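J.: Structure supplied as entry21.cif; contents: mmCIF, C-alpha atoms and all ligand atoms.
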```
data_input
#
loop_
_atom_site.label_atom_id
_atom_site.label_comp_id
_atom_site.auth_asym_id
_atom_site.auth_seq_id
_atom_site.Cartn_x
_atom_site.Cartn_y
_atom_site.Cartn_z
CA LEU Q 1 -0.21 -7.39 1.22
CA PHE Q 2 1.26 -7.74 -2.28
CA PRO Q 3 1.00 -11.43 -3.04
CA LEU Q 4 1.50 -11.38 -6.76
CA ALA Q 5 5.16 -10.68 -7.32
CA GLY Q 6 6.52 -13.85 -5.76
CA ILE Q 7 5.07 -15.83 -8.62
CA LEU Q 8 7.16 -13.91 -11.09
CA VAL Q 9 10.51 -14.14 -9.38
CA ALA Q 10 11.93 -16.58 -11.91
CA ALA Q 11 11.77 -13.86 -14.52
CA ALA Q 12 13.84 -11.41 -12.51
CA SER Q 13 17.50 -10.95 -13.28
CA VAL Q 14 20.02 -11.78 -10.58
CA HIS Q 15 23.04 -9.60 -9.90
CA GLY Q 16 24.45 -11.30 -6.83
CA GLY Q 17 27.18 -10.06 -4.54
CA ASP Q 18 25.75 -6.55 -4.17
CA PRO Q 19 27.60 -4.29 -1.80
CA ILE Q 20 25.81 -3.10 1.31
CA THR Q 21 26.35 0.55 0.53
CA PRO Q 22 25.59 1.25 -3.12
CA PRO Q 23 28.21 2.98 -5.23
CA PRO Q 24 27.57 6.73 -5.31
CA GLY Q 25 27.99 7.02 -9.10
CA PRO Q 26 27.49 10.29 -10.95
CA GLY Q 27 24.31 11.96 -9.78
CA LEU Q 28 23.36 9.12 -7.44
CA PRO Q 29 22.48 9.84 -3.80
CA THR Q 30 24.57 8.37 -0.99
CA VAL Q 31 22.25 6.11 0.97
CA ASP Q 32 22.87 5.31 4.62
CA ALA Q 33 22.04 1.59 4.48
CA SER Q 34 22.77 1.20 8.19
CA ALA Q 35 20.08 3.75 9.02
CA VAL Q 36 17.60 1.79 6.90
CA TRP Q 37 18.56 -1.37 8.74
CA ARG Q 38 18.19 0.23 12.19
CA ASP Q 39 14.69 1.47 11.34
CA VAL Q 40 13.59 -1.98 10.12
CA GLU Q 41 14.92 -3.61 13.24
CA GLU Q 42 13.13 -1.10 15.44
CA LEU Q 43 9.73 -1.25 13.71
CA ALA Q 44 9.86 -5.06 13.44
CA SER Q 45 10.86 -5.50 17.09
CA ASP Q 46 8.45 -7.03 19.60
CA THR Q 47 7.99 -3.56 21.14
CA TYR Q 48 5.41 -2.82 18.43
CA ARG Q 49 3.79 -6.27 18.65
CA GLY Q 50 3.47 -6.68 14.89
CA ARG Q 51 1.67 -3.29 14.40
CA ASN Q 52 -1.83 -4.62 13.81
CA GLY Q 53 -4.18 -1.92 12.48
CA GLY Q 54 -5.94 -0.25 15.40
CA SER Q 55 -3.59 -1.66 18.05
CA PRO Q 56 -1.41 0.24 20.53
CA GLY Q 57 1.63 -1.16 18.69
CA GLU Q 58 0.48 0.39 15.43
CA LEU Q 59 -0.10 3.73 17.16
CA ALA Q 60 3.40 3.60 18.70
CA ALA Q 61 4.87 2.95 15.26
CA ALA Q 62 2.93 5.93 13.88
CA ALA Q 63 4.31 8.14 16.63
CA LEU Q 64 7.86 7.03 15.82
CA ILE Q 65 7.42 7.68 12.08
CA ALA Q 66 5.88 11.11 12.79
CA MET Q 67 8.80 12.00 15.06
CA ARG Q 68 11.29 11.04 12.38
CA LEU Q 69 9.53 13.04 9.66
CA GLU Q 70 9.30 16.06 11.94
CA ALA Q 71 13.01 15.81 12.76
CA LEU Q 72 13.73 16.01 9.02
CA GLY Q 73 11.94 19.36 8.94
CA LEU Q 74 8.94 18.21 6.93
CA GLU Q 75 5.58 19.94 7.30
CA PRO Q 76 2.67 18.10 8.97
CA LEU Q 77 -0.34 17.27 6.80
CA GLY Q 78 -2.41 15.38 9.36
CA ASP Q 79 -5.30 16.53 11.55
CA ASP Q 80 -5.05 19.85 13.42
CA GLY Q 81 -1.45 20.61 12.52
CA THR Q 82 -0.16 17.14 13.46
CA PHE Q 83 1.37 14.46 11.26
CA LEU Q 84 -1.45 11.99 12.02
CA GLN Q 85 -4.67 11.64 10.01
CA SER Q 86 -6.96 9.51 12.18
CA PHE Q 87 -9.84 7.35 11.02
CA GLU Q 88 -12.15 4.63 12.28
CA PHE Q 89 -12.72 1.26 10.69
CA MET Q 90 -14.15 -2.19 11.36
CA PRO Q 91 -11.40 -4.78 11.77
CA ARG Q 92 -11.50 -7.95 9.70
CA PHE Q 93 -11.47 -10.04 12.84
CA ALA Q 94 -12.91 -8.20 15.76
CA PRO Q 95 -12.62 -9.69 19.23
CA VAL Q 96 -16.13 -8.34 19.82
CA PRO Q 97 -18.45 -8.39 16.76
CA GLY Q 98 -19.20 -4.94 15.45
CA VAL Q 99 -16.35 -3.27 17.32
CA VAL Q 100 -14.90 -0.12 15.77
CA ALA Q 101 -11.13 0.43 15.82
CA SER Q 102 -9.13 3.54 15.07
CA SER Q 103 -5.96 3.86 13.04
CA GLN Q 104 -4.03 6.67 11.43
CA ASN Q 105 -1.99 7.68 8.40
CA VAL Q 106 1.24 9.59 8.97
CA ILE Q 107 1.52 12.36 6.37
CA ALA Q 108 4.25 14.93 5.71
CA LEU Q 109 4.99 17.50 3.02
CA LEU Q 110 8.25 18.65 1.47
CA PRO Q 111 7.31 21.71 -0.63
CA GLY Q 112 8.68 21.86 -4.15
CA GLN Q 113 11.67 24.11 -4.73
CA ASP Q 114 10.32 25.56 -7.96
CA PRO Q 115 7.50 28.08 -7.33
CA ALA Q 116 6.14 27.31 -10.81
CA ARG Q 117 5.95 23.57 -10.03
CA ARG Q 118 5.21 23.55 -6.32
CA HIS Q 119 1.45 23.04 -6.78
CA GLU Q 120 2.16 19.62 -8.35
CA ILE Q 121 2.35 16.77 -5.86
CA LEU Q 122 4.11 13.42 -6.01
CA LEU Q 123 3.07 11.02 -3.27
CA ILE Q 124 5.35 8.27 -2.03
CA GLY Q 125 3.73 5.86 0.38
CA ALA Q 126 3.99 2.53 2.15
CA HIS Q 127 1.86 0.84 4.79
CA TYR Q 128 3.38 0.57 8.23
CA ASP Q 129 0.83 -1.74 9.84
CA GLY Q 130 1.47 -5.47 10.01
CA GLN Q 131 -0.12 -8.74 11.03
CA GLY Q 132 0.00 -8.09 14.77
CA ALA Q 133 -0.23 -10.88 17.29
CA ASP Q 134 -2.15 -14.14 16.96
CA THR Q 135 -5.73 -13.85 15.61
CA GLU Q 136 -5.31 -10.30 14.35
CA ALA Q 137 -5.37 -8.79 10.82
CA ASP Q 138 -5.35 -10.83 7.63
CA PRO Q 139 -7.33 -14.07 7.25
CA GLY Q 140 -4.78 -15.20 4.65
CA ARG Q 141 -2.00 -15.42 7.24
CA GLN Q 142 -0.51 -18.81 7.96
CA GLU Q 143 1.72 -20.63 10.36
CA SER Q 144 5.20 -21.36 9.08
CA GLU Q 145 7.74 -24.11 9.58
CA LEU Q 146 10.36 -21.38 9.29
CA ALA Q 147 9.18 -19.66 12.49
CA ASP Q 148 10.03 -20.47 16.08
CA SER Q 149 7.17 -22.47 17.46
CA GLY Q 150 5.37 -20.43 20.05
CA ASP Q 151 6.18 -17.08 18.39
CA ARG Q 152 2.93 -15.21 18.91
CA ILE Q 153 4.05 -11.90 17.43
CA TRP Q 154 4.07 -11.61 13.65
CA ASN Q 155 6.65 -8.86 13.25
CA SER Q 156 5.94 -8.13 9.58
CA ALA Q 157 9.49 -7.00 8.79
CA ASN Q 158 9.40 -7.35 5.02
CA ASP Q 159 5.68 -6.61 4.88
CA ASN Q 160 6.17 -3.77 5.37
CA ALA Q 161 8.55 -2.27 7.99
CA VAL Q 162 11.35 -2.38 5.43
CA SER Q 163 9.48 -0.07 3.05
CA ILE Q 164 8.87 2.47 5.82
CA ALA Q 165 12.58 2.40 6.64
CA ALA Q 166 13.36 3.04 2.97
CA LEU Q 167 10.77 5.83 2.81
CA LEU Q 168 12.35 7.59 5.80
CA GLU Q 169 15.79 7.41 4.17
CA VAL Q 170 14.40 8.70 0.86
CA ALA Q 171 12.86 11.63 2.76
CA ARG Q 172 16.27 12.32 4.32
CA LEU Q 173 17.98 12.35 0.91
CA PHE Q 174 15.58 15.05 -0.30
CA THR Q 175 15.66 17.17 2.86
CA THR Q 176 19.45 17.17 3.10
CA GLY Q 177 19.89 18.28 -0.52
CA GLU Q 178 21.31 15.00 -1.89
CA LEU Q 179 18.38 15.15 -4.29
CA THR Q 180 16.23 18.04 -5.43
CA ASN Q 181 12.49 18.30 -6.04
CA ALA Q 182 10.96 21.01 -8.19
CA ARG Q 183 7.56 19.45 -7.47
CA SER Q 184 6.19 18.99 -3.96
CA LEU Q 185 6.63 15.60 -2.30
CA VAL Q 186 4.12 14.05 0.10
CA PHE Q 187 5.39 11.20 2.27
CA CYS Q 188 2.64 8.97 3.62
CA ALA Q 189 2.79 5.93 5.92
CA PHE Q 190 -0.60 4.22 5.61
CA GLY Q 191 -2.36 2.54 8.53
CA ALA Q 192 -4.63 -0.54 8.48
CA GLU Q 193 -3.69 -1.70 4.98
CA GLU Q 194 -3.99 -5.31 6.08
CA HIS Q 195 -7.65 -4.71 6.97
CA GLY Q 196 -8.47 -3.77 3.37
CA MET Q 197 -6.40 -0.73 2.35
CA ILE Q 198 -8.32 1.36 4.89
CA GLY Q 199 -5.67 4.08 5.28
CA SER Q 200 -5.15 4.67 1.57
CA PHE Q 201 -8.90 4.72 0.91
CA ARG Q 202 -9.15 7.29 3.70
CA TYR Q 203 -6.42 9.45 2.18
CA VAL Q 204 -8.27 9.51 -1.16
CA GLU Q 205 -11.59 10.27 0.56
CA ARG Q 206 -10.16 13.09 2.63
CA PRO Q 207 -6.97 14.25 0.94
CA PRO Q 208 -5.03 16.84 2.95
CA LEU Q 209 -4.31 18.64 -0.33
CA PRO Q 210 -6.60 18.59 -3.39
CA LEU Q 211 -6.47 15.27 -5.28
CA GLU Q 212 -6.33 17.15 -8.61
CA ARG Q 213 -2.87 18.36 -7.66
CA HIS Q 214 -1.55 14.78 -7.20
CA VAL Q 215 0.43 13.99 -10.34
CA ALA Q 216 1.47 10.43 -9.43
CA MET Q 217 1.59 7.97 -6.53
CA LEU Q 218 4.48 5.59 -5.89
CA ASN Q 219 3.84 2.79 -3.39
CA LEU Q 220 6.49 0.61 -1.73
CA GLU Q 221 5.99 -3.04 -0.72
CA GLN Q 222 8.35 -5.68 0.61
CA LEU Q 223 11.72 -4.33 -0.48
CA GLY Q 224 13.80 -6.69 1.65
CA ARG Q 225 13.86 -10.24 0.26
CA ARG Q 226 14.78 -12.16 -2.91
CA PRO Q 227 18.52 -11.53 -2.47
CA GLY Q 228 20.31 -9.98 -5.41
CA THR Q 229 17.25 -9.63 -7.61
CA ASP Q 230 16.02 -6.49 -9.27
CA LEU Q 231 12.75 -4.97 -8.12
CA MET Q 232 9.36 -5.50 -9.75
CA THR Q 233 6.47 -3.20 -10.44
CA ALA Q 234 2.70 -3.58 -10.46
CA GLY Q 235 0.34 -1.05 -11.98
CA PHE Q 236 2.80 0.37 -14.49
CA GLY Q 237 -0.07 0.47 -17.01
CA THR Q 238 -1.76 3.34 -15.15
CA SER Q 239 0.34 5.76 -17.21
CA ALA Q 240 3.03 5.71 -19.89
CA LEU Q 241 4.90 7.86 -17.39
CA TRP Q 242 5.99 4.76 -15.43
CA PRO Q 243 7.90 2.75 -18.07
CA ALA Q 244 9.63 5.96 -19.17
CA VAL Q 245 10.68 6.94 -15.65
CA LEU Q 246 11.77 3.38 -14.80
CA ALA Q 247 13.90 3.20 -17.94
CA ARG Q 248 15.71 6.37 -16.89
CA ALA Q 249 16.17 5.15 -13.32
CA ASP Q 250 17.49 1.79 -14.60
CA ALA Q 251 19.96 3.59 -16.86
CA ARG Q 252 21.21 5.76 -14.00
CA THR Q 253 21.62 2.87 -11.55
CA GLY Q 254 22.48 -0.07 -13.82
CA ARG Q 255 19.43 -2.06 -12.75
CA SER Q 256 16.81 -3.92 -14.83
CA THR Q 257 13.49 -3.38 -13.10
CA LEU Q 258 10.83 -5.87 -14.11
CA LEU Q 259 7.56 -4.54 -15.48
CA ALA Q 260 5.63 -7.35 -13.83
CA LEU Q 261 1.97 -6.40 -13.74
CA GLU Q 262 0.39 -3.78 -15.93
CA ARG Q 263 -2.90 -3.52 -14.06
CA PRO Q 264 -3.18 -2.51 -10.41
CA GLU Q 265 -4.92 -5.14 -8.31
CA ALA Q 266 -6.78 -4.46 -5.09
CA ASP Q 267 -3.97 -5.87 -2.99
CA THR Q 268 -2.07 -2.84 -1.75
CA ASP Q 269 -2.25 0.93 -1.33
CA HIS Q 270 -1.73 2.08 -4.91
CA PHE Q 271 -5.21 0.76 -5.71
CA PRO Q 272 -7.38 3.54 -4.18
CA PHE Q 273 -5.24 6.16 -5.95
CA PHE Q 274 -5.71 4.32 -9.24
CA LEU Q 275 -9.48 4.35 -8.66
CA ALA Q 276 -9.27 8.09 -8.10
CA GLY Q 277 -7.66 8.51 -11.53
CA ILE Q 278 -4.09 9.11 -10.36
CA PRO Q 279 -1.24 7.19 -12.06
CA ALA Q 280 -0.24 4.80 -9.28
CA MET Q 281 2.37 2.04 -9.19
CA THR Q 282 3.82 -0.29 -6.58
CA ILE Q 283 7.48 -1.19 -6.56
CA GLY Q 284 8.84 -4.07 -4.51
CA HIS Q 285 8.85 -7.83 -4.21
CA GLY Q 286 6.68 -10.63 -2.94
CA ASP Q 287 7.86 -13.45 -0.75
CA GLY Q 288 5.67 -16.51 -0.64
CA GLU Q 289 7.48 -18.33 2.14
CA ARG Q 290 7.45 -15.83 4.96
CA THR Q 291 4.86 -13.17 4.10
CA HIS Q 292 1.91 -13.16 6.48
CA THR Q 293 3.55 -15.75 8.72
CA PRO Q 294 5.35 -15.35 12.07
CA ALA Q 295 8.60 -16.01 10.14
CA ASP Q 296 8.64 -12.49 8.62
CA GLU Q 297 11.41 -11.35 10.98
CA ALA Q 298 13.98 -8.59 10.48
CA GLY Q 299 16.87 -11.02 10.92
CA THR Q 300 15.87 -12.87 7.75
CA LEU Q 301 15.94 -9.82 5.45
CA SER Q 302 18.46 -9.49 2.67
CA PHE Q 303 20.60 -6.86 4.36
CA GLY Q 304 22.92 -6.41 1.39
CA ASP Q 305 20.06 -5.29 -0.86
CA LEU Q 306 18.54 -2.61 1.37
CA GLY Q 307 20.98 0.12 0.33
CA TRP Q 308 20.75 -0.10 -3.42
CA ARG Q 309 17.00 -0.70 -3.38
CA THR Q 310 16.46 2.43 -1.28
CA GLN Q 311 18.75 4.31 -3.65
CA PHE Q 312 16.75 3.05 -6.61
CA VAL Q 313 13.44 4.23 -5.12
CA ALA Q 314 15.00 7.65 -4.41
CA VAL Q 315 16.16 7.92 -8.02
CA VAL Q 316 12.70 7.00 -9.33
CA LEU Q 317 11.19 9.76 -7.18
CA ALA Q 318 13.86 12.24 -8.31
CA GLU Q 319 13.08 11.38 -11.93
CA LEU Q 320 9.36 11.95 -11.27
CA ALA Q 321 10.14 15.24 -9.58
CA ALA Q 322 12.08 16.42 -12.62
CA ASP Q 323 9.69 15.20 -15.35
CA PHE Q 324 7.28 17.99 -16.15
CA SER Q 325 5.34 16.25 -18.90
CA LYS Q 326 1.68 15.69 -18.13
CA PRO Q 327 1.27 11.97 -17.36
CA THR Q 328 -0.32 10.09 -20.26
CA PRO Q 329 -3.48 8.34 -19.10
CA GLY Q 330 -3.26 4.56 -18.94
CA ILE Q 331 -5.76 1.93 -17.83
CA ASP Q 332 -9.16 3.52 -17.24
CA PRO Q 333 -10.29 3.05 -13.65
CA ARG Q 334 -13.95 3.76 -14.39
CA GLY Q 335 -15.98 0.63 -13.91
CA GLU Q 336 -13.45 -1.04 -11.60
CA PHE Q 337 -15.11 -2.72 -8.67
CA ALA Q 338 -13.26 -2.39 -5.41
CA PHE Q 339 -14.66 -4.30 -2.50
CA ALA Q 340 -13.56 -3.71 1.03
CA GLY Q 341 -14.31 -6.59 3.38
CA VAL Q 342 -15.90 -5.19 6.52
CA LEU Q 343 -18.20 -6.26 9.30
CA ALA Q 344 -21.70 -4.88 9.02
CA SER Q 345 -22.22 -2.25 11.70
CA PRO Q 346 -24.83 -3.09 14.35
CA ALA Q 347 -27.28 -0.68 12.69
CA GLU Q 348 -26.68 -2.12 9.22
CA ALA Q 349 -27.00 -5.67 10.49
CA ALA Q 350 -30.25 -4.86 12.30
CA ALA Q 351 -31.72 -3.11 9.24
CA ALA Q 352 -30.89 -6.06 6.96
CA GLY Q 353 -31.93 -8.73 9.47
CA LEU Q 354 -28.40 -10.15 9.73
CA PRO Q 355 -26.71 -11.59 12.81
CA PRO Q 356 -24.45 -8.99 14.47
CA GLY Q 357 -20.93 -9.03 13.07
CA THR Q 358 -21.79 -10.52 9.67
CA ARG Q 359 -18.93 -10.02 7.26
CA VAL Q 360 -19.96 -8.22 4.10
CA LEU Q 361 -18.24 -6.50 1.24
CA ARG Q 362 -18.70 -2.79 0.94
CA LEU Q 363 -18.30 -1.23 -2.45
CA ALA Q 364 -15.43 1.03 -1.62
CA ALA Q 365 -15.42 4.76 -1.64
CA GLY Q 366 -13.16 5.87 -4.44
CA TRP Q 367 -15.11 3.77 -6.91
CA SER Q 368 -15.51 6.31 -9.63
CA GLY Q 369 -17.64 4.80 -12.32
CA GLY Q 370 -20.80 3.14 -13.40
CA ARG Q 371 -21.09 -0.09 -15.30
CA GLY Q 372 -24.11 0.32 -17.47
CA SER Q 373 -26.31 -2.51 -16.30
CA SER Q 374 -25.44 -2.21 -12.63
CA SER Q 375 -27.16 0.01 -10.14
CA LEU Q 376 -24.56 -0.60 -7.46
CA ALA Q 377 -23.53 2.50 -5.58
CA GLU Q 378 -20.79 3.44 -3.17
CA GLY Q 379 -21.62 2.13 0.30
CA ASP Q 380 -23.73 -0.83 -0.87
CA LEU Q 381 -23.19 -4.01 1.12
CA ILE Q 382 -22.74 -7.27 -0.73
CA LEU Q 383 -23.79 -10.44 1.10
CA ARG Q 384 -23.39 -13.16 -1.48
CA LEU Q 385 -21.55 -13.51 -4.77
CA ALA Q 386 -22.80 -15.98 -7.39
CA GLY Q 387 -24.84 -17.70 -4.72
CA GLU Q 388 -21.87 -18.19 -2.39
CA GLU Q 389 -21.56 -16.93 1.16
CA LEU Q 390 -18.58 -14.63 1.71
CA SER Q 391 -16.16 -16.32 4.05
CA PRO Q 392 -13.25 -14.49 5.69
CA ASP Q 393 -10.68 -16.41 3.68
CA VAL Q 394 -11.99 -15.02 0.40
CA LEU Q 395 -9.64 -12.26 -0.64
CA ASP Q 396 -11.48 -9.05 -1.31
CA GLY Q 397 -9.40 -8.29 -4.36
CA ASP Q 398 -10.22 -11.64 -5.96
CA LEU Q 399 -13.89 -10.79 -5.96
CA GLY Q 400 -13.22 -7.53 -7.74
CA VAL Q 401 -11.24 -9.44 -10.35
CA ARG Q 402 -14.06 -11.97 -10.73
CA VAL Q 403 -16.60 -9.25 -11.35
CA ARG Q 404 -14.29 -7.48 -13.77
CA ASP Q 405 -13.33 -10.59 -15.72
CA SER Q 406 -16.80 -12.07 -16.05
CA PRO Q 407 -17.68 -12.26 -19.77
CA PRO Q 408 -19.58 -9.28 -21.18
CA GLY Q 409 -23.30 -9.91 -21.37
CA GLU Q 410 -23.14 -12.64 -18.75
CA CYS Q 411 -24.76 -12.09 -15.38
CA LEU Q 412 -22.79 -12.42 -12.15
CA PRO Q 413 -25.41 -12.52 -9.41
CA LEU Q 414 -24.92 -10.55 -6.21
CA THR Q 415 -27.06 -10.21 -3.14
CA VAL Q 416 -26.93 -6.54 -2.22
CA VAL Q 417 -28.21 -4.50 0.70
CA THR Q 418 -28.89 -0.79 0.35
CA ASP Q 419 -30.22 1.00 3.44
CA GLY Q 420 -31.50 -2.27 4.85
CA GLU Q 421 -33.30 -3.33 1.65
CA ARG Q 422 -32.09 -6.65 0.27
CA ARG Q 423 -32.19 -7.30 -3.48
CA GLU Q 424 -30.67 -9.55 -6.14
CA GLU Q 425 -28.42 -7.63 -8.50
CA CYS Q 426 -26.82 -8.70 -11.73
CA VAL Q 427 -23.55 -7.19 -12.86
ZN ZN W 501 2.09 -5.25 2.37
#
```
Go ahead and render the structure in this file as structure tokens.
Ligand SMILES: [Zn+2]
T.:
Amino acid sequence: LFPLAGILVAAASVHGGDPITPPPGPGLPTVDASAVWRDVEELASDTYRGRNGGSPGELAAAALIAMRLEALGLEPLGDDGTFLQSFEFMPRFAPVPGVVASSQNVIALLPGQDPARRHEILLIGAHYDGQGADTEADPGRQESELADSGDRIWNSANDNAVSIAALLEVARLFTTGELTNARSLVFCAFGAEEHGMIGSFRYVERPPLPLERHVAMLNLEQLGRRPGTDLMTAGFGTSALWPAVLARADARTGRSTLLALERPEADTDHFPFFLAGIPAMTIGHGDGERTHTPADEAGTLSFGDLGWRTQFVAVVLAELAADFSKPTPGIDPRGEFAFAGVLASPAEAAAAGLPPGTRVLRLAAGWSGGRGSSSLAEGDLILRLAGEELSPDVLDGDLGVRVRDSPPGECLPLTVVTDGERREECV
């Protein structure tokens, strides 16, 4: 997901006529744009059936990404010496109510080259799961007049196979010495983002390396559309580090990246890192026409932009790896409400007297603060908001925004369940 940026496209500058392979320029890495393209085509092919979180297609994509990271000589940071960190979750739309699915993050480490800086970690991530086939994943998905009628596989090329392809090429640029990293780099492909940022919440809950060592998190979303336009960022207000680093990357590459949204919203994988107090920003684009529709196909991507955009992301990471200032704190995550839409487990449903498979909002792990008047705690289930039932088409992030933006002193009523006990809560 990453729905916001499409709205702002009119403000972006247009270069037009960009070459497929970006100019090397002094100090700029030579990107293999064809390799990026091949990876997008592969991941967005019908072989992976749209990579729905918890599906065999998603697992096959994870295996491919792990193989590629291993071939680059990166170190595994998953479970038991593998590249895969597995986790269970409840899908948004389960074929059988209450069913539990399993997904995985793919995580790899490139140690820093400077022994004095190696303990500091920069994480670059992107989700590799997609919409899957019909009836899977996101309730916000739609049919599209742009798609072939009868296309039952939603290949999710721009959202987000393209960002994984860019991430793999960025990893190659650092492992082959095109770019250097005094600090350590962690590359992470997140699973099950479309089910509510499950993979990134899991990373923050069970980090393979201590969270305190994570200096910053850079997330990639939808790098492949809006031909000729510069990229946009969301969450740049999480630290003054971001505008400074982007200004340097713009100067090196001749781009004009748009500082689009200061605050991170609960719509993609930078959000759990923000909640955990780590400066976290997403870079990419939105695309209102094809995102979360069967028309998000590799063949419709802006091929000519893949090279320079990958190069730009690599330069941002190189700038982060060379900036040894302590990141200035930005927007305070304490008091943010992050809701993950889940199905109540059979035990939870039974305890609360709910029908099996009732959709509820769980106050997400990673929520780090209190809000004075509220006694909500991590793991609480929310059944109703302001007297309204929670339907699947309500975006989880919107509810967080509604709670956050309600006027101070005014009550926003919630129906909450804690350990089977139902109560009315006012936040
Ligand atoms: Zn996405």
J.: Set the cut-off to 10 Å, count only C-alpha atoms and all ligand atoms, and list whatever residues fall near ligand ZN 501 (chain W) as a VMD selection string.
T.: chain Q and resid 1 to 3 126 to 131 156 to 161 163 193 to 194 197 220 to 222 267 to 269 284 to 286 291 to 292
J.: Would you compute the box with edges along x, y and z of the file around range 189-204 of chain Q, including every atom the file lists for it and 8 Å extra on each side, and give its centre and edge lengths in Å to one decimal, as AutoDock Vina command-line options?
T.:
```
--center_x -3.2 --center_y 2.1 --center_z 3.7 --size_x 27.9 --size_y 30.8 --size_z 25.7
```
J.: Have a look at CA of Asp296 in chain Q and CA of Ala71 in chain Q and let me know their distance in Å, one decimal.
T.: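 Answer for the CA of Asp296 in chain Q to CA of Ala71 in chain Q separation: 28.9 Å.
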J.: What is the distance, in Å and to one decimal place, between CA of Pro327 in chain Q and CA of Ile107 in chain Q?
T.: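 Taking CA of Pro327 in chain Q and CA of Ile107 in chain Q, their separation equals 23.7 Å.
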J.: One number please: CA of Gly409 in chain Q to CA of Ile331 in chain Q, in Å, one decimal.
T.: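 Computing it gives 21.5 Å between the two atoms.
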J.: Nearest to Glu120 in chain Q: which of Q:Thr300, Q:Thr30, Q:Thr257, Q:Asn181 is it, counting only C-alpha atoms?
T.: Q:Asn181
J.: Which is closest to Tyr48 in chain Q among Q:Gly132, Q:Pro91, Q:Gly81, Q:Gly420, if we use all atoms listed in the file?
T.: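 Answer, going by the shortest atom-to-atom distance: Q:Gly132.
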J.: Using all atoms listed in the file, which protein or nucleic acid residues come within 8 Å of range 145-151 of chain Q? Drop anything in the same chain fewer than 2 positions from it, and give the result as a ChimeraX atom specification.
T.: /Q:143,153-154,290,293-295
J.: Smallest atom-to-atom distance to Val315 in chain Q: which of Q:Ala377, Q:Val170, Q:Ala249, Q:Val99, using all atoms listed in the file?
T.: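 Comparing Q:Ala377, Q:Val170, Q:Ala249, Q:Val99 against Val315 in chain Q, the winner is Q:Ala249.
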J.: For a quick check of understanding, using all atoms listed in the file, which of Q:Phe187, Q:Val417, Q:Ala276, Q:Leu167 has the smallest distance to Val31 in chain Q?
T.: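 Counting all atoms listed in the file, the residue closest to Val31 in chain Q is Q:Leu167.
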J.: Would you pick out the contacts of range 202-216 of chain Q at 9 Å or less, using only C-alpha atoms, so that residues sharing its chain but fewer than 5 positions from it are not included, and give the list as a PyMOL selection string?
T.: chain Q and resi 77-79+85+87+105+107+119-124+190+197+272-273+276+278-281+320+326-327+365-366
J.: Of the residues Q:Asp332, Q:Glu178, Q:Asp305, Q:Asp230, which is the one nearest to Arg255 in chain Q, using only C-alpha atoms?
T.: Q:Asp230
J.: What residues have an atom no more than 9 Å from (18.1, 9.9, 4.7) in the file's own frame, counting all atoms listed in the file, and can you write them as a list of chain:residue names?
T.: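 Result, sorted by chain then residue number: Q:Thr30, Q:Val31, Q:Asp32, Q:Ala35, Q:Val36, Q:Leu72, Q:Ala166, Q:Leu167, Q:Leu168, Q:Glu169, Q:Val170, Q:Ala171, Q:Arg172, Q:Leu173, Q:Phe174, Q:Thr175, Q:Thr176, Q:Glu178.
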J.: Take the residues from that selection and put them in a file with C-alpha atoms, as a PDB file, keeping the file's coordinate frame.
T.:
```pdb
ATOM      1  CA  THR Q  30      24.570   8.370  -0.990  1.00  0.00           C
ATOM      2  CA  VAL Q  31      22.250   6.110   0.970  1.00  0.00           C
ATOM      3  CA  ASP Q  32      22.870   5.310   4.620  1.00  0.00           C
ATOM      4  CA  ALA Q  35      20.080   3.750   9.020  1.00  0.00           C
ATOM      5  CA  VAL Q  36      17.600   1.790   6.900  1.00  0.00           C
ATOM      6  CA  LEU Q  72      13.730  16.010   9.020  1.00  0.00           C
ATOM      7  CA  ALA Q 166      13.360   3.040   2.970  1.00  0.00           C
ATOM      8  CA  LEU Q 167      10.770   5.830   2.810  1.00  0.00           C
ATOM      9  CA  LEU Q 168      12.350   7.590   5.800  1.00  0.00           C
ATOM     10  CA  GLU Q 169      15.790   7.410   4.170  1.00  0.00           C
ATOM     11  CA  VAL Q 170      14.400   8.700   0.860  1.00  0.00           C
ATOM     12  CA  ALA Q 171      12.860  11.630   2.760  1.00  0.00           C
ATOM     13  CA  ARG Q 172      16.270  12.320   4.320  1.00  0.00           C
ATOM     14  CA  LEU Q 173      17.980  12.350   0.910  1.00  0.00           C
ATOM     15  CA  PHE Q 174      15.580  15.050  -0.300  1.00  0.00           C
ATOM     16  CA  THR Q 175      15.660  17.170   2.860  1.00  0.00           C
ATOM     17  CA  THR Q 176      19.450  17.170   3.100  1.00  0.00           C
ATOM     18  CA  GLU Q 178      21.310  15.000  -1.890  1.00  0.00           C
TER      19      GLU Q 178
END
```
J.: For Ala63 in chain Q, list every protein, DNA or RNA residue within 9 Å, evaluated using only C-alpha atoms, and leave out those in the same chain fewer than 4 positions away; present the list as a list in words.
T.: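 Listing them by chain and then by number gives Glu58, Leu59, Met67, Arg68, Phe83, Leu84 and Val106 of chain Q.
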J.: Between Q:Leu259, Q:Leu412, Q:Leu223, Q:Ala116, which is the closest to Phe236 in chain Q once you count all atoms listed in the file?
T.: Q:Leu259
